[in-house]
Amino acid sequence: MTASELHPPLVGPNDAFANYDFTPAYDEMFLAKDRPREHSRILHKRLQELPQDELRRRQQAADSAFLNQGITFAVYGRKEGTERIIPFDLVPRIITSTEWTKIERGLTQRLTALNLFLKDIYHDGNILNDKAVPRELVYTCKHYRREMRGWRVRRDVYVSICGSDLMRMENGDFTVLEDNLRVPSGVSYMLVNRQVMKGTFPAMFRNYGVRPIDHYGQSLLATLRTMSPAGRSEPTLVLLTPGAHNSAYFEHAFLARQMGIELVEGRDLLVHDNVVYMRTTNGLRQVDVIYRRIDDDFIDPLAFRQDSMLGVPGLFNAYRAGNVTLANAIGTGVADDKAIYAYVPEMIRYYLKEDPILHNVETYLCLEDKQRQHVLANLDKLVVKAVGESGGYGMLIGPHSTKEQQAQFADLIKANPRNYIAQPTLSFSRAPCFIDGHVEPRHVDLRPFVLFGESVKIVPGGLTRVAMTRGSLVVNSSQGGGSKDTWVLYE
């Protein structure tokens, strides 16, 4: 009996997947051409059954739901303007229970080590003294805050909210591309994607055994409550936003509503005798915990950038006095510096005496002479990143770049080698997406959201970001990427 007789094709030549192409990259739905993975069979069958016009109708309904809720993101440098609806793809990405268990364990291990690292470098500096992490690398990081030296943060938790970016490699394993520890964004899109998806495929969603994520808002609220200064049994929490001009303002307002707390700008708060108060129609009200969505530099014009109009004068002194908690803590950015990222596996071994469950991407530090020379000689093959940038900015994708762009980055690296790292151009996984009436594969990553208060909590899912352009490796919303719902199954 032939292989085709043992395993007859499950799809015909004229279905929605007719133009679906395969590459060496891991495919989230298929084992091979015409062979869906076990957990994707029902989804695959349903997509086959629906006429293209019906799929288009459902995609349009989903797009209308985003438009009606005002879910936009700033995309800079595009002719069509800066504010746009984030593209939503109606084909969910499915992750099995076994896969999720490993992700959950790996992210818990990673965030635990990162918090221990932050506590260490702002106090005893043991990891620096033992040369497990280069002292120079830490002290030259622009996000390292000497003002935090010797001061203990509440519960020793520097990072309460984390969004680490994962990629699935050709062998099916997830690896960590970067950690976002300052003001990680995107969780609102994860939650809205789920709301929209329930309306797009209601019957299939009910029958698929998808683990819920709707409790994220209350989990975030509970985490922030645990960070309240000692003795405040009924703490007042606020979410501090830069304002409506910020690209993630929708998310700020959304999360404040989810938690039932006030959304405030810097002008809504004041500090008196090292205590933070919120202006209300009933007078001043003391604030105990601030979930801040403002970077360190702008949080307090008396302590950091004097020209900041976004922060609260005196907030840093109130913070240092222990009268208010900031989540995340000031100075956490040193741990998501892309050069220090390279040492996270060593942090895990150093503090936890464990091997990393989730591995890093191979990373070249341009600060090191030998590694810098390798990077400069292979700019056409590598991805080069500025260590402190996010959102896909300050990045060169070598295979997709011009000689002129490579020359520009070579000059930048030579002028400031500390500011750049490089990584191989990865063939990370692709997932089926509904594009122009057909199902086509696009590259995707995954940003799960991790909470750390009394313990680590991770909602089962995350934001699956999609490189909407064929062949593109850039998934960032700020660069035109889209997103889709992530289904973590019970079994």
# chains A, B, ... in the order shown; residues from 1 in each chain; ligands from 1

$ residues_around --residues "Leu43 in chain A" --least-positions-apart "2" --cutoff "9 Å" --atoms "only C-alpha atoms" --output "list in words"
His39, Ser40, Arg41, Lys45, Arg46, Leu47, Gln48, Val91, Pro92, Met204 and Tyr208 of chain A

$ write_last_selection --atoms "C-alpha atoms" --output "compact mmCIF listing (two decimals), in the first residue's frame"
# COMPACT_ATOMS: atom_id res chain seq x y z
CA HIS A 39 -5.51 19.92 16.84
CA SER A 40 -6.20 21.91 13.63
CA ARG A 41 -8.39 19.37 11.83
CA LYS A 45 -12.50 21.41 7.91
CA ARG A 46 -14.66 24.38 8.88
CA LEU A 47 -12.64 26.78 6.72
CA GLN A 48 -13.07 24.38 3.80
CA VAL A 91 -8.17 32.36 11.42
CA PRO A 92 -7.21 31.60 15.04
CA MET A 204 -16.64 26.38 16.68
CA TYR A 208 -13.07 23.57 20.61

$ residues_around --residues "range 16-19 of chain A" --least-positions-apart "5" --cutoff "9 Å" --atoms "only C-alpha atoms" --output "PDB file with all heavy atoms, in the first residue's frame"
ATOM      1  N   VAL A  11      -7.750  17.543   1.574  1.00  0.00           N
ATOM      2  CA  VAL A  11      -8.273  18.724   0.905  1.00  0.00           C
ATOM      3  C   VAL A  11      -8.288  18.483  -0.603  1.00  0.00           C
ATOM      4  O   VAL A  11      -7.506  17.708  -1.144  1.00  0.00           O
ATOM      5  CB  VAL A  11      -7.428  19.980   1.218  1.00  0.00           C
ATOM      6  CG1 VAL A  11      -7.472  20.286   2.692  1.00  0.00           C
ATOM      7  CG2 VAL A  11      -5.983  19.801   0.771  1.00  0.00           C
ATOM      8  N   ASP A  34      -1.414  19.437   2.622  1.00  0.00           N
ATOM      9  CA  ASP A  34      -2.701  18.740   2.707  1.00  0.00           C
ATOM     10  C   ASP A  34      -2.869  17.906   3.978  1.00  0.00           C
ATOM     11  O   ASP A  34      -3.823  17.128   4.077  1.00  0.00           O
ATOM     12  CB  ASP A  34      -2.922  17.834   1.492  1.00  0.00           C
ATOM     13  CG  ASP A  34      -2.929  18.594   0.184  1.00  0.00           C
ATOM     14  OD1 ASP A  34      -3.143  19.821   0.226  1.00  0.00           O
ATOM     15  OD2 ASP A  34      -2.721  17.965  -0.871  1.00  0.00           O
ATOM     16  N   LEU A  47     -13.055  25.782   7.710  1.00  0.00           N
ATOM     17  CA  LEU A  47     -12.636  26.775   6.721  1.00  0.00           C
ATOM     18  C   LEU A  47     -12.882  26.266   5.308  1.00  0.00           C
ATOM     19  O   LEU A  47     -13.195  27.049   4.401  1.00  0.00           O
ATOM     20  CB  LEU A  47     -11.159  27.119   6.909  1.00  0.00           C
ATOM     21  CG  LEU A  47     -10.813  27.896   8.190  1.00  0.00           C
ATOM     22  CD1 LEU A  47      -9.312  28.025   8.347  1.00  0.00           C
ATOM     23  CD2 LEU A  47     -11.473  29.280   8.185  1.00  0.00           C
ATOM     24  N   GLN A  48     -12.764  24.966   5.108  1.00  0.00           N
ATOM     25  CA  GLN A  48     -13.069  24.377   3.797  1.00  0.00           C
ATOM     26  C   GLN A  48     -14.556  24.467   3.466  1.00  0.00           C
ATOM     27  O   GLN A  48     -14.938  24.686   2.317  1.00  0.00           O
ATOM     28  CB  GLN A  48     -12.670  22.907   3.783  1.00  0.00           C
ATOM     29  CG  GLN A  48     -11.196  22.633   3.626  1.00  0.00           C
ATOM     30  CD  GLN A  48     -10.967  21.137   3.533  1.00  0.00           C
ATOM     31  OE1 GLN A  48     -10.967  20.459   4.537  1.00  0.00           O
ATOM     32  NE2 GLN A  48     -10.831  20.640   2.313  1.00  0.00           N
ATOM     33  N   LEU A  50     -16.854  26.635   4.504  1.00  0.00           N
ATOM     34  CA  LEU A  50     -17.445  27.962   4.326  1.00  0.00           C
ATOM     35  C   LEU A  50     -17.112  28.527   2.953  1.00  0.00           C
ATOM     36  O   LEU A  50     -15.948  28.546   2.550  1.00  0.00           O
ATOM     37  CB  LEU A  50     -16.933  28.917   5.405  1.00  0.00           C
ATOM     38  CG  LEU A  50     -17.486  28.700   6.809  1.00  0.00           C
ATOM     39  CD1 LEU A  50     -16.763  29.584   7.806  1.00  0.00           C
ATOM     40  CD2 LEU A  50     -18.984  28.992   6.846  1.00  0.00           C
ATOM     41  N   PRO A  51     -18.096  29.013   2.215  1.00  0.00           N
ATOM     42  CA  PRO A  51     -17.822  29.673   0.933  1.00  0.00           C
ATOM     43  C   PRO A  51     -16.948  30.911   1.150  1.00  0.00           C
ATOM     44  O   PRO A  51     -16.973  31.532   2.220  1.00  0.00           O
ATOM     45  CB  PRO A  51     -19.214  30.059   0.423  1.00  0.00           C
ATOM     46  CG  PRO A  51     -20.169  29.208   1.206  1.00  0.00           C
ATOM     47  CD  PRO A  51     -19.532  28.966   2.525  1.00  0.00           C
ATOM     48  N   GLN A  52     -16.221  31.276   0.142  1.00  0.00           N
ATOM     49  CA  GLN A  52     -15.343  32.447   0.259  1.00  0.00           C
ATOM     50  C   GLN A  52     -16.129  33.704   0.591  1.00  0.00           C
ATOM     51  O   GLN A  52     -15.666  34.553   1.351  1.00  0.00           O
ATOM     52  CB  GLN A  52     -14.543  32.631  -1.035  1.00  0.00           C
ATOM     53  CG  GLN A  52     -13.456  31.596  -1.230  1.00  0.00           C
ATOM     54  CD  GLN A  52     -12.558  31.924  -2.414  1.00  0.00           C
ATOM     55  OE1 GLN A  52     -12.649  32.996  -3.003  1.00  0.00           O
ATOM     56  NE2 GLN A  52     -11.701  30.986  -2.782  1.00  0.00           N
ATOM     57  N   PRO A 432      -1.844  30.088   8.974  1.00  0.00           N
ATOM     58  CA  PRO A 432      -2.782  30.446   7.908  1.00  0.00           C
ATOM     59  C   PRO A 432      -3.540  31.725   8.236  1.00  0.00           C
ATOM     60  O   PRO A 432      -3.978  31.926   9.372  1.00  0.00           O
ATOM     61  CB  PRO A 432      -3.724  29.244   7.846  1.00  0.00           C
ATOM     62  CG  PRO A 432      -3.616  28.589   9.176  1.00  0.00           C
ATOM     63  CD  PRO A 432      -2.216  28.835   9.646  1.00  0.00           C
ATOM     64  N   PHE A 434      -6.428  34.709   6.393  1.00  0.00           N
ATOM     65  CA  PHE A 434      -7.372  34.963   5.311  1.00  0.00           C
ATOM     66  C   PHE A 434      -6.974  36.262   4.623  1.00  0.00           C
ATOM     67  O   PHE A 434      -7.155  37.355   5.166  1.00  0.00           O
ATOM     68  CB  PHE A 434      -8.791  35.038   5.864  1.00  0.00           C
ATOM     69  CG  PHE A 434      -9.852  35.137   4.798  1.00  0.00           C
ATOM     70  CD1 PHE A 434     -10.052  34.092   3.906  1.00  0.00           C
ATOM     71  CD2 PHE A 434     -10.639  36.272   4.681  1.00  0.00           C
ATOM     72  CE1 PHE A 434     -11.032  34.171   2.921  1.00  0.00           C
ATOM     73  CE2 PHE A 434     -11.616  36.374   3.701  1.00  0.00           C
ATOM     74  CZ  PHE A 434     -11.807  35.315   2.819  1.00  0.00           C
ATOM     75  N   GLY A 437      -9.396  36.884   0.053  1.00  0.00           N
ATOM     76  CA  GLY A 437     -10.277  35.817  -0.385  1.00  0.00           C
ATOM     77  C   GLY A 437      -9.685  34.429  -0.351  1.00  0.00           C
ATOM     78  O   GLY A 437     -10.374  33.457  -0.674  1.00  0.00           O
ATOM     79  N   HIS A 438      -8.420  34.309   0.031  1.00  0.00           N
ATOM     80  CA  HIS A 438      -7.778  32.997   0.094  1.00  0.00           C
ATOM     81  C   HIS A 438      -7.074  32.847   1.448  1.00  0.00           C
ATOM     82  O   HIS A 438      -6.763  33.828   2.119  1.00  0.00           O
ATOM     83  CB  HIS A 438      -6.758  32.832  -1.037  1.00  0.00           C
ATOM     84  CG  HIS A 438      -7.342  32.892  -2.406  1.00  0.00           C
ATOM     85  ND1 HIS A 438      -7.953  31.810  -2.992  1.00  0.00           N
ATOM     86  CD2 HIS A 438      -7.434  33.918  -3.299  1.00  0.00           C
ATOM     87  CE1 HIS A 438      -8.377  32.147  -4.195  1.00  0.00           C
ATOM     88  NE2 HIS A 438      -8.085  33.431  -4.417  1.00  0.00           N
ATOM     89  N   VAL A 439      -6.813  31.610   1.818  1.00  0.00           N
ATOM     90  CA  VAL A 439      -6.036  31.350   3.021  1.00  0.00           C
ATOM     91  C   VAL A 439      -4.573  31.198   2.609  1.00  0.00           C
ATOM     92  O   VAL A 439      -4.227  30.340   1.789  1.00  0.00           O
ATOM     93  CB  VAL A 439      -6.519  30.075   3.742  1.00  0.00           C
ATOM     94  CG1 VAL A 439      -5.681  29.826   4.987  1.00  0.00           C
ATOM     95  CG2 VAL A 439      -7.992  30.222   4.128  1.00  0.00           C
ATOM     96  N   GLU A 440      -3.719  32.064   3.172  1.00  0.00           N
ATOM     97  CA  GLU A 440      -2.301  32.065   2.846  1.00  0.00           C
ATOM     98  C   GLU A 440      -1.487  32.085   4.140  1.00  0.00           C
ATOM     99  O   GLU A 440      -1.954  32.613   5.157  1.00  0.00           O
ATOM    100  CB  GLU A 440      -1.933  33.286   2.001  1.00  0.00           C
ATOM    101  CG  GLU A 440      -2.663  33.369   0.673  1.00  0.00           C
ATOM    102  CD  GLU A 440      -2.267  34.605  -0.125  1.00  0.00           C
ATOM    103  OE1 GLU A 440      -1.332  35.322   0.322  1.00  0.00           O
ATOM    104  OE2 GLU A 440      -2.881  34.850  -1.173  1.00  0.00           O
TER     105      GLU A 440
END

$ select_by_dssp --residues "range 136-379 of chain A" --states "strand (DSSP E)" --output "VMD selection string"
chain A and resid 161 to 163 165 to 168 174 to 178 237 to 240 262 to 264 269 to 272 275 to 280 283 to 286 289 to 292 325 to 327 359 to 360 364 to 365

$ closest_atom_pairs --of "range 32-105 of chain A" --to "range 473-487 of chain A" --cutoff "6 Å" --atoms "only C-alpha atoms" --output "Markdown table"
| residue | atom | partner | partner_atom | distance |
| --- | --- | --- | --- | --- |
| A:Val75 | CA | A:Ser478 | CA | 4.7 |
| A:Ile86 | CA | A:Gly482 | CA | 5.7 |
| A:Pro87 | CA | A:Gly482 | CA | 4.4 |
| A:Phe88 | CA | A:Ser483 | CA | 5.2 |
| A:Asp89 | CA | A:Lys484 | CA | 5.1 |
| A:Pro92 | CA | A:Asp485 | CA | 5.0 |
| A:Arg93 | CA | A:Thr486 | CA | 4.9 |
| A:Ile94 | CA | A:Trp487 | CA | 4.7 |

$ residues_around --residues "Gln195 in chain A" --least-positions-apart "4" --cutoff "10 Å" --atoms "only C-alpha atoms" --output "PyMOL selection string"
chain A and resi 62+65+189-191+199-200+214+485

$ write_last_selection --atoms "C-alpha atoms" --output "tab-separated table (two decimals), in the first residue's frame"
chain	number	residue	atom	x	y	z
A	62	ALA	CA	-14.78	41.54	12.51
A	65	ALA	CA	-16.27	45.52	15.31
A	189	TYR	CA	-5.74	43.59	21.57
A	190	MET	CA	-5.43	40.04	22.90
A	191	LEU	CA	-8.66	40.54	24.83
A	199	GLY	CA	-18.75	36.47	17.44
A	200	THR	CA	-17.01	35.37	14.24
A	214	ASP	CA	-11.40	37.11	30.00
A	485	ASP	CA	-6.76	35.26	18.37

$ closest_residue --among "A:Ala303, A:Ala410, A:Met169, A:Val183" --to "His359 in chain A" --atoms "only C-alpha atoms"
A:Met169

$ closest_residue --among "A:Ser160, A:Ser64, A:Gln408, A:Ser427" --to "Met227 in chain A" --atoms "only C-alpha atoms"
A:Ser160

$ atom_distance --atom1 "CA of Ile85 in chain A" --atom2 "CA of Thr469 in chain A"
15.8 Å

$ closest_residue --among "A:Leu240, A:Leu107, A:Ile261, A:Ile435" --to "Tyr20 in chain A" --atoms "only C-alpha atoms"
A:Ile435

$ select_by_dssp --residues "range 126-363 of chain A" --states "helix (DSSP H, G or I)" --output "number ranges by chain"
A: 126-129, 135-139, 146-148, 154-156, 187-200, 202-207, 216-226, 249-259, 266-268, 296-298, 315-320, 332-336, 340-352

$ closest_residue --among "A:Cys162, A:Val384, A:Leu269, A:Leu128" --to "Thr112 in chain A" --atoms "only C-alpha atoms"
A:Cys162

$ decode --residues "range 121-152 of chain A" --atoms "C-alpha atoms" --output "compact mmCIF listing (two decimals), in the first residue's frame"
# COMPACT_ATOMS: atom_id res chain seq x y z
CA ILE A 121 22.23 45.01 40.40
CA TYR A 122 20.56 47.73 42.46
CA HIS A 123 21.87 46.26 45.74
CA ASP A 124 24.76 43.83 46.26
CA GLY A 125 25.75 43.33 42.62
CA ASN A 126 26.80 39.72 43.15
CA ILE A 127 26.26 38.72 39.54
CA LEU A 128 28.52 41.60 38.48
CA ASN A 129 31.17 40.82 41.07
CA ASP A 130 31.23 37.20 39.89
CA LYS A 131 31.48 38.41 36.27
CA ALA A 132 28.52 36.33 35.14
CA VAL A 133 27.21 39.53 33.54
CA PRO A 134 29.67 42.27 32.48
CA ARG A 135 29.55 45.25 34.82
CA GLU A 136 30.21 47.65 31.95
CA LEU A 137 27.20 46.37 30.04
CA VAL A 138 24.88 47.16 32.96
CA TYR A 139 26.34 50.52 33.91
CA THR A 140 26.40 51.81 30.33
CA CYS A 141 22.74 50.92 29.76
CA LYS A 142 20.73 54.12 29.37
CA HIS A 143 17.87 52.57 31.35
CA TYR A 144 20.02 51.82 34.40
CA ARG A 145 18.91 54.22 37.17
CA ARG A 146 21.55 54.99 39.76
CA GLU A 147 18.81 56.71 41.75
CA MET A 148 17.42 53.24 42.55
CA ARG A 149 20.64 51.97 44.13
CA GLY A 150 20.16 50.61 47.65
CA TRP A 151 16.40 51.15 47.75
CA ARG A 152 14.10 48.17 48.19
